[in-house]
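**Student:** Structure file upload-v5.csv (CSV, N, CA and C atoms) right here:
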```csv
chain,number,residue,atom,x,y,z
K,1,MET,N,0.8,-1.2,0.0
K,1,MET,CA,0.0,0.0,0.0
K,1,MET,C,0.9,1.3,0.0
K,2,ILE,N,0.3,2.3,-0.5
K,2,ILE,CA,1.0,3.6,-0.6
K,2,ILE,C,0.7,4.4,0.7
K,3,ASP,N,1.8,4.9,1.4
K,3,ASP,CA,1.6,5.6,2.6
K,3,ASP,C,0.9,7.0,2.3
K,4,GLY,N,0.4,7.7,3.3
K,4,GLY,CA,-0.2,9.0,3.1
K,4,GLY,C,0.7,10.1,2.6
K,5,ILE,N,2.0,10.0,2.9
K,5,ILE,CA,2.9,11.0,2.4
K,5,ILE,C,3.1,10.9,0.9
K,6,TRP,N,3.1,9.7,0.4
K,6,TRP,CA,3.2,9.5,-1.1
K,6,TRP,C,2.0,10.0,-1.8
K,7,TRP,N,0.8,9.8,-1.2
K,7,TRP,CA,-0.5,10.4,-1.8
K,7,TRP,C,-0.4,11.9,-1.9
K,8,LEU,N,0.2,12.5,-0.9
K,8,LEU,CA,0.4,14.0,-0.9
K,8,LEU,C,1.4,14.4,-2.0
K,9,VAL,N,2.5,13.7,-2.1
K,9,VAL,CA,3.4,14.0,-3.2
K,9,VAL,C,2.8,13.9,-4.6
K,10,ILE,N,2.1,12.8,-4.8
K,10,ILE,CA,1.4,12.6,-6.1
K,10,ILE,C,0.4,13.7,-6.4
K,11,LEU,N,-0.4,14.1,-5.4
K,11,LEU,CA,-1.4,15.1,-5.5
K,11,LEU,C,-0.7,16.5,-5.9
K,12,ILE,N,0.4,16.8,-5.2
K,12,ILE,CA,1.1,18.1,-5.5
K,12,ILE,C,1.7,18.0,-6.9
K,13,ALA,N,2.2,16.9,-7.3
K,13,ALA,CA,2.8,16.7,-8.6
K,13,ALA,C,1.8,16.9,-9.7
K,14,ILE,N,0.6,16.4,-9.5
K,14,ILE,CA,-0.5,16.6,-10.4
K,14,ILE,C,-0.9,18.0,-10.5
K,15,ILE,N,-1.0,18.7,-9.4
K,15,ILE,CA,-1.4,20.1,-9.4
K,15,ILE,C,-0.4,20.9,-10.1
K,16,VAL,N,0.9,20.7,-9.9
K,16,VAL,CA,2.0,21.4,-10.6
K,16,VAL,C,1.9,21.2,-12.1
K,17,ILE,N,1.7,19.9,-12.5
K,17,ILE,CA,1.6,19.6,-13.9
K,17,ILE,C,0.4,20.3,-14.6
K,18,LEU,N,-0.7,20.3,-13.9
K,18,LEU,CA,-1.9,21.0,-14.4
K,18,LEU,C,-1.7,22.5,-14.5
K,19,TRP,N,-1.0,23.1,-13.5
K,19,TRP,CA,-0.7,24.5,-13.5
K,19,TRP,C,0.2,24.9,-14.7
K,20,LEU,N,1.2,24.1,-14.9
K,20,LEU,CA,2.2,24.3,-16.0
K,20,LEU,C,1.5,24.2,-17.4
K,21,VAL,N,0.6,23.2,-17.5
K,21,VAL,CA,-0.2,23.1,-18.8
K,21,VAL,C,-1.1,24.3,-19.0
K,22,ALA,N,-1.8,24.8,-17.9
K,22,ALA,CA,-2.6,26.0,-18.0
K,22,ALA,C,-1.8,27.2,-18.3
K,23,LYS,N,-0.7,27.4,-17.7
K,23,LYS,CA,0.2,28.5,-18.0
K,23,LYS,C,0.7,28.5,-19.4
K,24,SER,N,1.0,27.4,-19.9
K,24,SER,CA,1.6,27.3,-21.3
K,24,SER,C,0.4,27.6,-22.3
K,25,ARG,N,-0.8,27.3,-22.0
K,25,ARG,CA,-1.9,27.5,-22.9
K,25,ARG,C,-2.5,28.9,-22.8
K,26,GLY,N,-2.1,29.6,-21.8
K,26,GLY,CA,-2.6,31.0,-21.5
K,26,GLY,C,-2.2,31.9,-22.6
K,27,ALA,N,-2.6,33.2,-22.4
K,27,ALA,CA,-2.2,34.3,-23.4
K,27,ALA,C,-0.8,34.6,-23.3
K,28,LYS,N,-0.2,34.8,-24.4
K,28,LYS,CA,1.2,35.2,-24.5
K,28,LYS,C,1.3,36.7,-24.2
K,29,ALA,N,2.6,37.1,-24.0
K,29,ALA,CA,2.8,38.5,-23.8
K,29,ALA,C,2.3,39.4,-24.9
K,30,GLY,N,1.5,40.4,-24.7
K,30,GLY,CA,1.0,41.3,-25.7
K,30,GLY,C,-0.4,40.9,-26.3
K,31,GLU,N,-0.8,39.7,-26.0
K,31,GLU,CA,-2.2,39.2,-26.4
K,31,GLU,C,-3.2,39.6,-25.4
K,32,LYS,N,-4.4,39.8,-25.9
K,32,LYS,CA,-5.5,40.1,-25.0
K,32,LYS,C,-6.2,38.9,-24.5
K,33,HIS,N,-6.7,39.0,-23.2
K,33,HIS,CA,-7.4,37.9,-22.6
K,33,HIS,C,-8.9,38.0,-22.9
K,34,GLY,N,-9.5,36.9,-23.2
K,34,GLY,CA,-11.0,36.9,-23.3
K,34,GLY,C,-11.5,37.5,-24.6
K,35,SER,N,-12.6,37.0,-25.1
K,35,SER,CA,-13.1,37.6,-26.4
K,35,SER,C,-13.9,38.8,-26.1
K,36,ALA,N,-14.5,39.0,-24.9
K,36,ALA,CA,-15.3,40.2,-24.6
K,36,ALA,C,-14.5,41.5,-24.8
K,37,LYS,N,-13.2,41.5,-24.2
K,37,LYS,CA,-12.4,42.7,-24.3
K,37,LYS,C,-12.0,42.9,-25.8
K,38,SER,N,-11.7,41.9,-26.5
K,38,SER,CA,-11.2,42.1,-27.9
K,38,SER,C,-12.4,42.6,-28.7
K,39,LYS,N,-13.6,42.2,-28.5
K,39,LYS,CA,-14.7,42.7,-29.2
K,39,LYS,C,-14.9,44.2,-28.9
K,40,ASN,N,-14.7,44.7,-27.7
K,40,ASN,CA,-15.0,46.1,-27.4
K,40,ASN,C,-13.9,47.0,-27.9
K,41,THR,N,-12.7,46.5,-28.1
K,41,THR,CA,-11.6,47.3,-28.6
K,41,THR,C,-11.7,47.6,-30.1
K,42,VAL,N,-12.4,46.8,-30.8
K,42,VAL,CA,-12.5,47.0,-32.3
K,42,VAL,C,-13.5,48.1,-32.5
K,43,PRO,N,-13.1,49.1,-33.2
K,43,PRO,CA,-14.0,50.2,-33.4
K,43,PRO,C,-15.1,49.8,-34.5
K,44,ASN,N,-16.3,50.4,-34.3
K,44,ASN,CA,-17.4,50.1,-35.2
K,44,ASN,C,-17.2,51.0,-36.4
K,45,ASP,N,-16.9,50.5,-37.6
K,45,ASP,CA,-16.6,51.3,-38.7
K,45,ASP,C,-17.7,52.1,-39.2
K,46,ALA,N,-18.9,51.6,-39.1
K,46,ALA,CA,-20.1,52.4,-39.5
K,46,ALA,C,-20.3,53.6,-38.6
K,47,LEU,N,-20.0,53.5,-37.3
K,47,LEU,CA,-20.1,54.7,-36.4
K,47,LEU,C,-19.0,55.7,-36.7
K,48,GLN,N,-17.8,55.2,-37.1
K,48,GLN,CA,-16.7,56.0,-37.5
K,48,GLN,C,-17.1,56.8,-38.7
K,49,LYS,N,-17.6,56.2,-39.7
K,49,LYS,CA,-18.0,56.8,-41.0
K,49,LYS,C,-19.2,57.8,-40.7
K,50,THR,N,-20.1,57.5,-39.9
K,50,THR,CA,-21.2,58.4,-39.5
K,50,THR,C,-20.7,59.6,-38.8
K,51,SER,N,-19.7,59.4,-37.9
K,51,SER,CA,-19.1,60.5,-37.2
K,51,SER,C,-18.4,61.5,-38.2
K,52,ALA,N,-17.7,60.9,-39.1
K,52,ALA,CA,-17.0,61.7,-40.1
K,52,ALA,C,-18.0,62.5,-41.0
K,53,LEU,N,-19.0,61.8,-41.4
K,53,LEU,CA,-20.1,62.4,-42.2
K,53,LEU,C,-20.7,63.6,-41.4
K,54,LEU,N,-21.0,63.4,-40.1
K,54,LEU,CA,-21.6,64.5,-39.3
K,54,LEU,C,-20.6,65.7,-39.2
K,55,LYS,N,-19.3,65.4,-39.0
K,55,LYS,CA,-18.3,66.5,-38.8
K,55,LYS,C,-18.1,67.2,-40.1
K,56,GLN,N,-18.2,66.5,-41.3
K,56,GLN,CA,-18.0,67.2,-42.5
K,56,GLN,C,-19.2,68.0,-43.0
K,57,TYR,N,-20.4,67.5,-42.9
K,57,TYR,CA,-21.6,68.2,-43.5
K,57,TYR,C,-22.4,69.0,-42.4
K,58,PHE,N,-22.2,68.7,-41.2
K,58,PHE,CA,-22.9,69.4,-40.1
K,58,PHE,C,-22.0,69.9,-39.1
K,59,PRO,N,-21.2,71.0,-39.4
K,59,PRO,CA,-20.2,71.5,-38.5
K,59,PRO,C,-20.7,72.2,-37.2
K,60,ASP,N,-22.0,72.6,-37.2
K,60,ASP,CA,-22.6,73.2,-36.1
K,60,ASP,C,-22.9,72.2,-35.0
K,61,TYR,N,-22.9,70.9,-35.2
K,61,TYR,CA,-23.1,69.9,-34.2
K,61,TYR,C,-21.8,69.4,-33.7
K,62,GLN,N,-21.8,69.1,-32.4
K,62,GLN,CA,-20.6,68.5,-31.7
K,62,GLN,C,-20.9,67.0,-31.6
K,63,VAL,N,-20.0,66.1,-32.0
K,63,VAL,CA,-20.1,64.7,-32.1
K,63,VAL,C,-19.2,64.1,-31.0
K,64,THR,N,-19.8,63.3,-30.1
K,64,THR,CA,-19.0,62.6,-29.1
K,64,THR,C,-19.2,61.1,-29.3
K,65,ARG,N,-18.1,60.4,-29.5
K,65,ARG,CA,-18.1,59.0,-29.8
K,65,ARG,C,-18.1,58.2,-28.5
K,66,LYS,N,-19.0,57.4,-28.2
K,66,LYS,CA,-19.1,56.4,-27.1
K,66,LYS,C,-18.8,55.0,-27.7
K,67,ALA,N,-18.9,54.0,-26.8
K,67,ALA,CA,-18.6,52.7,-27.3
K,67,ALA,C,-19.5,52.2,-28.4
K,68,LYS,N,-20.8,52.4,-28.2
K,68,LYS,CA,-21.7,51.8,-29.2
K,68,LYS,C,-22.7,52.9,-29.8
K,69,HIS,N,-22.4,54.1,-29.5
K,69,HIS,CA,-23.3,55.2,-30.1
K,69,HIS,C,-22.6,56.5,-30.2
K,70,LEU,N,-23.2,57.4,-31.0
K,70,LEU,CA,-22.7,58.8,-31.1
K,70,LEU,C,-23.7,59.7,-30.4
K,71,LEU,N,-23.1,60.6,-29.6
K,71,LEU,CA,-23.9,61.6,-28.9
K,71,LEU,C,-23.8,62.9,-29.7
K,72,ILE,N,-24.9,63.5,-30.2
K,72,ILE,CA,-24.9,64.7,-31.0
K,72,ILE,C,-25.4,65.8,-30.1
K,73,CYS,N,-24.6,66.9,-30.0
K,73,CYS,CA,-25.0,68.1,-29.2
K,73,CYS,C,-24.9,69.3,-30.1
K,74,LYS,N,-25.7,70.3,-29.7
K,74,LYS,CA,-25.7,71.6,-30.4
K,74,LYS,C,-25.8,72.7,-29.3
K,75,HIS,N,-24.8,73.5,-29.2
K,75,HIS,CA,-24.7,74.5,-28.1
K,75,HIS,C,-24.8,73.9,-26.8
K,76,ASN,N,-24.1,72.8,-26.5
K,76,ASN,CA,-24.0,72.1,-25.3
K,76,ASN,C,-25.3,71.5,-24.8
K,77,LYS,N,-26.3,71.3,-25.8
K,77,LYS,CA,-27.5,70.7,-25.5
K,77,LYS,C,-27.6,69.4,-26.3
K,78,LYS,N,-27.9,68.3,-25.6
K,78,LYS,CA,-28.0,67.0,-26.3
K,78,LYS,C,-29.2,67.1,-27.3
K,79,VAL,N,-28.9,66.8,-28.5
K,79,VAL,CA,-29.9,66.8,-29.6
K,79,VAL,C,-30.4,65.4,-29.9
K,80,ALA,N,-29.4,64.5,-30.1
K,80,ALA,CA,-29.8,63.1,-30.4
K,80,ALA,C,-28.7,62.1,-30.1
K,81,MET,N,-29.0,60.9,-30.1
K,81,MET,CA,-28.1,59.8,-30.0
K,81,MET,C,-28.3,58.9,-31.2
K,82,ILE,N,-27.2,58.5,-31.8
K,82,ILE,CA,-27.2,57.7,-33.0
K,82,ILE,C,-26.6,56.4,-32.7
K,83,THR,N,-27.3,55.3,-33.0
K,83,THR,CA,-26.7,53.9,-32.9
K,83,THR,C,-26.8,53.2,-34.2
K,84,ILE,N,-25.9,52.3,-34.4
K,84,ILE,CA,-26.0,51.4,-35.6
K,84,ILE,C,-26.0,50.0,-35.2
K,85,ASP,N,-27.2,49.4,-35.2
K,85,ASP,CA,-27.4,48.0,-34.7
K,85,ASP,C,-28.4,47.3,-35.6
K,86,LYS,N,-28.1,46.2,-36.2
K,86,LYS,CA,-29.0,45.5,-37.0
K,86,LYS,C,-30.0,44.7,-36.2
K,87,LYS,N,-29.7,44.4,-34.9
K,87,LYS,CA,-30.6,43.6,-34.1
K,87,LYS,C,-31.8,44.4,-33.6
K,88,ILE,N,-31.7,45.8,-33.6
K,88,ILE,CA,-32.8,46.6,-33.2
K,88,ILE,C,-33.5,47.2,-34.4
K,89,ALA,N,-34.8,47.4,-34.3
K,89,ALA,CA,-35.5,47.9,-35.5
K,89,ALA,C,-35.0,49.3,-35.8
K,90,GLU,N,-35.0,49.6,-37.1
K,90,GLU,CA,-34.5,50.9,-37.6
K,90,GLU,C,-35.6,51.9,-37.3
K,91,GLY,N,-35.2,53.1,-36.8
K,91,GLY,CA,-36.1,54.1,-36.5
K,91,GLY,C,-35.7,54.9,-35.3
K,92,GLN,N,-36.7,55.6,-34.7
K,92,GLN,CA,-36.5,56.4,-33.6
K,92,GLN,C,-37.2,55.9,-32.3
K,93,ARG,N,-36.6,56.2,-31.2
K,93,ARG,CA,-37.3,56.0,-29.9
K,93,ARG,C,-36.7,57.1,-29.0
K,94,ARG,N,-37.2,57.2,-27.8
K,94,ARG,CA,-36.7,58.2,-26.9
K,94,ARG,C,-36.1,57.6,-25.7
K,95,LEU,N,-35.0,58.3,-25.2
K,95,LEU,CA,-34.4,57.9,-24.0
K,95,LEU,C,-34.4,59.2,-23.1
K,96,GLY,N,-35.4,59.3,-22.3
K,96,GLY,CA,-35.6,60.6,-21.6
K,96,GLY,C,-36.1,61.7,-22.5
K,97,GLU,N,-35.3,62.8,-22.6
K,97,GLU,CA,-35.7,63.8,-23.5
K,97,GLU,C,-34.9,63.7,-24.9
K,98,VAL,N,-34.0,62.8,-25.0
K,98,VAL,CA,-33.1,62.7,-26.1
K,98,VAL,C,-33.7,61.6,-27.1
K,99,PRO,N,-33.9,61.9,-28.3
K,99,PRO,CA,-34.3,60.8,-29.3
K,99,PRO,C,-33.1,60.0,-29.6
K,100,VAL,N,-33.3,58.7,-29.7
K,100,VAL,CA,-32.3,57.7,-30.1
K,100,VAL,C,-32.6,57.2,-31.5
K,101,ILE,N,-31.8,57.5,-32.4
K,101,ILE,CA,-32.0,57.1,-33.8
K,101,ILE,C,-31.1,55.9,-34.1
K,102,ASN,N,-31.8,54.9,-34.6
K,102,ASN,CA,-31.0,53.6,-34.9
K,102,ASN,C,-31.0,53.4,-36.4
K,103,TYR,N,-29.8,53.1,-37.0
K,103,TYR,CA,-29.7,52.8,-38.4
K,103,TYR,C,-29.1,51.4,-38.5
K,104,HIS,N,-29.3,50.7,-39.6
K,104,HIS,CA,-28.7,49.4,-39.8
K,104,HIS,C,-27.4,49.5,-40.6
K,105,ARG,N,-27.2,50.6,-41.2
K,105,ARG,CA,-25.9,50.9,-41.9
K,105,ARG,C,-25.6,52.4,-41.9
K,106,VAL,N,-24.5,52.8,-42.5
K,106,VAL,CA,-24.2,54.3,-42.5
K,106,VAL,C,-25.3,55.0,-43.2
K,107,PRO,N,-25.9,56.1,-42.5
K,107,PRO,CA,-27.0,56.8,-43.1
K,107,PRO,C,-26.4,57.8,-44.2
K,108,SER,N,-27.3,58.2,-45.1
K,108,SER,CA,-27.0,59.2,-46.1
K,108,SER,C,-27.1,60.6,-45.4
K,109,ARG,N,-26.5,61.6,-46.2
K,109,ARG,CA,-26.6,62.9,-45.6
K,109,ARG,C,-28.0,63.4,-45.5
K,110,ALA,N,-28.9,63.0,-46.5
K,110,ALA,CA,-30.3,63.4,-46.5
K,110,ALA,C,-31.0,62.8,-45.2
K,111,GLN,N,-30.7,61.6,-45.0
K,111,GLN,CA,-31.3,60.9,-43.8
K,111,GLN,C,-30.9,61.6,-42.5
K,112,LEU,N,-29.6,61.9,-42.4
K,112,LEU,CA,-29.1,62.6,-41.2
K,112,LEU,C,-29.8,64.0,-41.1
K,113,ALA,N,-29.9,64.7,-42.2
K,113,ALA,CA,-30.5,66.1,-42.1
K,113,ALA,C,-31.9,66.0,-41.7
K,114,THR,N,-32.7,65.1,-42.2
K,114,THR,CA,-34.1,64.9,-41.8
K,114,THR,C,-34.2,64.5,-40.4
K,115,HIS,N,-33.5,63.6,-39.9
K,115,HIS,CA,-33.6,63.1,-38.5
K,115,HIS,C,-33.1,64.1,-37.5
K,116,LEU,N,-32.1,64.9,-37.9
K,116,LEU,CA,-31.6,65.9,-36.9
K,116,LEU,C,-32.6,67.1,-36.9
K,117,GLN,N,-33.2,67.4,-38.0
K,117,GLN,CA,-34.3,68.5,-38.0
K,117,GLN,C,-35.4,68.0,-37.1
K,118,GLU,N,-35.8,66.8,-37.2
K,118,GLU,CA,-36.9,66.3,-36.4
K,118,GLU,C,-36.5,66.2,-34.9
K,119,ALA,N,-35.3,65.9,-34.6
K,119,ALA,CA,-34.8,65.8,-33.2
K,119,ALA,C,-34.8,67.2,-32.5
K,120,GLU,N,-34.5,68.2,-33.3
K,120,GLU,CA,-34.5,69.6,-32.6
K,120,GLU,C,-35.9,70.0,-32.5
```
What would you get if you wrote out this structure as structure tokens?

**Tutor:**
Amino acid sequence: MIDGIWWLVILIAIIVILWLVAKSRGAKAGEKHGSAKSKNTVPNDALQKTSALLKQYFPDYQVTRKAKHLLICKHNKKVAMITIDKKIAEGQRRLGEVPVINYHRVPSRAQLATHLQEAE
């Protein structure tokens, strides 16, 4: 029979081996952990294009980029919030006093002009 001390040695050896395997399979230096972080660090190209469109054709509006939406202000007053999400129905809804405008892709200049006029 194996004495109690040998069971302890075997158990510690197994724990060390499992720890080494886990460490070798973990993220290397410079890589990101987890898929949730890497998804949030990738910028939404459609929001980036919409922001550039707003800055180019509507200079009187201030555009603030958040993680998943654009906040549109005029004279330090919130005018609208723009999101681009295919999971949500396209159109407008309200979040408090601010209208939330959802698009499925980058809007045209005419769409933006119409929705911003309605929002004010």

**Student:** Could you tell me, as a list in words, which residues of chain K DSSP assigns to strand (DSSP E) when given the backbone?

**Tutor:** Gln62, Val63, Thr64, Arg65, His69, Leu70, Leu71, Ile72, Cys73, Lys74, Lys77, Lys78, Val79, Ala80, Met81, Ile82, Thr83, Ile84, Gly91, Gln92, Arg93, Arg94, Leu95, Val98, Pro99, Val100, Ile101, Asn102 and Tyr103 of chain K

**Student:** Any idea what the distance is between atom C of Tyr103 of chain K and atom N of Leu70 of chain K?

**Tutor:**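 It comes out at 11.3 Å.
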
**Student:** Please identify all polymer residues lying at most 8 Å from the point (-20.4, 67.9, -36.7) (file coordinates), using only N, CA and C atoms, and present the result as a ChimeraX atom specification.

**Tutor:** /K:51-63,72-73

**Student:** Using only C-alpha atoms for the distances, tell me which of K:Ile2, K:Ala13, K:Ala110, K:Leu47 is nearest to Thr83 of chain K.

**Tutor:**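 Selected residue with least distance to Thr83 of chain K: K:Leu47.
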
**Student:** Would you compute the distance between atom CA of Asp3 of chain K and atom CA of Ile15 of chain K? Give it in Å to one decimal.

**Tutor:** 19.1 Å

**Student:** For a test of reading the model, state the distance in Å between atom N of Lys68 of chain K and atom N of Asp85 of chain K, rounded to one decimal.

**Tutor:** 9.9 Å

**Student:** Closest to Ala80 of chain K among K:Ser24, K:Ala113, K:Ile12, K:Ala119, using only C-alpha atoms?

**Tutor:**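 Of all the options, K:Ala119 lies closest to Ala80 of chain K.
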
**Student:** Given only N, CA and C atoms as the basis, pick out the residue of K:Thr64, K:Thr114, K:Thr50, K:Asn102 nearest to Ile84 of chain K.

**Tutor:**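 Closest residue, counting only N, CA and C atoms: K:Asn102.
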
**Student:** Would you return as a list in words the members of segment 46-113 of chain K that DSSP assigns to helix (DSSP H, G or I) on this structure's backbone?

**Tutor:**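 The helix (DSSP H, G or I) subset of segment 46-113 of chain K is Ala46, Leu47, Gln48, Lys49, Thr50, Ser51, Ala52, Leu53, Leu54, Lys55, Gln56, Tyr57, Arg109, Ala110, Gln111, Leu112 and Ala113 of chain K.
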
**Student:** Please write as a JSON list (two decimals) with N, CA and C atoms, in the frame of the given file the list of polymer residues whose atoms come within 12 Å of (-34.6, 59.7, -28.0), counting only C-alpha atoms and keeping to the coordinates of the file.

**Tutor:**
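To be explicit, this is the file written out as out_27.json:
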```json
[["chain", "number", "residue", "atom", "x", "y", "z"],
["K", 71, "LEU", "N", -23.10, 60.60, -29.60],
["K", 71, "LEU", "CA", -23.90, 61.60, -28.90],
["K", 71, "LEU", "C", -23.80, 62.90, -29.70],
["K", 72, "ILE", "N", -24.90, 63.50, -30.20],
["K", 72, "ILE", "CA", -24.90, 64.70, -31.00],
["K", 72, "ILE", "C", -25.40, 65.80, -30.10],
["K", 78, "LYS", "N", -27.90, 68.30, -25.60],
["K", 78, "LYS", "CA", -28.00, 67.00, -26.30],
["K", 78, "LYS", "C", -29.20, 67.10, -27.30],
["K", 79, "VAL", "N", -28.90, 66.80, -28.50],
["K", 79, "VAL", "CA", -29.90, 66.80, -29.60],
["K", 79, "VAL", "C", -30.40, 65.40, -29.90],
["K", 80, "ALA", "N", -29.40, 64.50, -30.10],
["K", 80, "ALA", "CA", -29.80, 63.10, -30.40],
["K", 80, "ALA", "C", -28.70, 62.10, -30.10],
["K", 81, "MET", "N", -29.00, 60.90, -30.10],
["K", 81, "MET", "CA", -28.10, 59.80, -30.00],
["K", 81, "MET", "C", -28.30, 58.90, -31.20],
["K", 82, "ILE", "N", -27.20, 58.50, -31.80],
["K", 82, "ILE", "CA", -27.20, 57.70, -33.00],
["K", 82, "ILE", "C", -26.60, 56.40, -32.70],
["K", 83, "THR", "N", -27.30, 55.30, -33.00],
["K", 83, "THR", "CA", -26.70, 53.90, -32.90],
["K", 83, "THR", "C", -26.80, 53.20, -34.20],
["K", 91, "GLY", "N", -35.20, 53.10, -36.80],
["K", 91, "GLY", "CA", -36.10, 54.10, -36.50],
["K", 91, "GLY", "C", -35.70, 54.90, -35.30],
["K", 92, "GLN", "N", -36.70, 55.60, -34.70],
["K", 92, "GLN", "CA", -36.50, 56.40, -33.60],
["K", 92, "GLN", "C", -37.20, 55.90, -32.30],
["K", 93, "ARG", "N", -36.60, 56.20, -31.20],
["K", 93, "ARG", "CA", -37.30, 56.00, -29.90],
["K", 93, "ARG", "C", -36.70, 57.10, -29.00],
["K", 94, "ARG", "N", -37.20, 57.20, -27.80],
["K", 94, "ARG", "CA", -36.70, 58.20, -26.90],
["K", 94, "ARG", "C", -36.10, 57.60, -25.70],
["K", 95, "LEU", "N", -35.00, 58.30, -25.20],
["K", 95, "LEU", "CA", -34.40, 57.90, -24.00],
["K", 95, "LEU", "C", -34.40, 59.20, -23.10],
["K", 96, "GLY", "N", -35.40, 59.30, -22.30],
["K", 96, "GLY", "CA", -35.60, 60.60, -21.60],
["K", 96, "GLY", "C", -36.10, 61.70, -22.50],
["K", 97, "GLU", "N", -35.30, 62.80, -22.60],
["K", 97, "GLU", "CA", -35.70, 63.80, -23.50],
["K", 97, "GLU", "C", -34.90, 63.70, -24.90],
["K", 98, "VAL", "N", -34.00, 62.80, -25.00],
["K", 98, "VAL", "CA", -33.10, 62.70, -26.10],
["K", 98, "VAL", "C", -33.70, 61.60, -27.10],
["K", 99, "PRO", "N", -33.90, 61.90, -28.30],
["K", 99, "PRO", "CA", -34.30, 60.80, -29.30],
["K", 99, "PRO", "C", -33.10, 60.00, -29.60],
["K", 100, "VAL", "N", -33.30, 58.70, -29.70],
["K", 100, "VAL", "CA", -32.30, 57.70, -30.10],
["K", 100, "VAL", "C", -32.60, 57.20, -31.50],
["K", 101, "ILE", "N", -31.80, 57.50, -32.40],
["K", 101, "ILE", "CA", -32.00, 57.10, -33.80],
["K", 101, "ILE", "C", -31.10, 55.90, -34.10],
["K", 102, "ASN", "N", -31.80, 54.90, -34.60],
["K", 102, "ASN", "CA", -31.00, 53.60, -34.90],
["K", 102, "ASN", "C", -31.00, 53.40, -36.40],
["K", 115, "HIS", "N", -33.50, 63.60, -39.90],
["K", 115, "HIS", "CA", -33.60, 63.10, -38.50],
["K", 115, "HIS", "C", -33.10, 64.10, -37.50],
["K", 116, "LEU", "N", -32.10, 64.90, -37.90],
["K", 116, "LEU", "CA", -31.60, 65.90, -36.90],
["K", 116, "LEU", "C", -32.60, 67.10, -36.90],
["K", 118, "GLU", "N", -35.80, 66.80, -37.20],
["K", 118, "GLU", "CA", -36.90, 66.30, -36.40],
["K", 118, "GLU", "C", -36.50, 66.20, -34.90],
["K", 119, "ALA", "N", -35.30, 65.90, -34.60],
["K", 119, "ALA", "CA", -34.80, 65.80, -33.20],
["K", 119, "ALA", "C", -34.80, 67.20, -32.50],
["K", 120, "GLU", "N", -34.50, 68.20, -33.30],
["K", 120, "GLU", "CA", -34.50, 69.60, -32.60],
["K", 120, "GLU", "C", -35.90, 70.00, -32.50]]
```
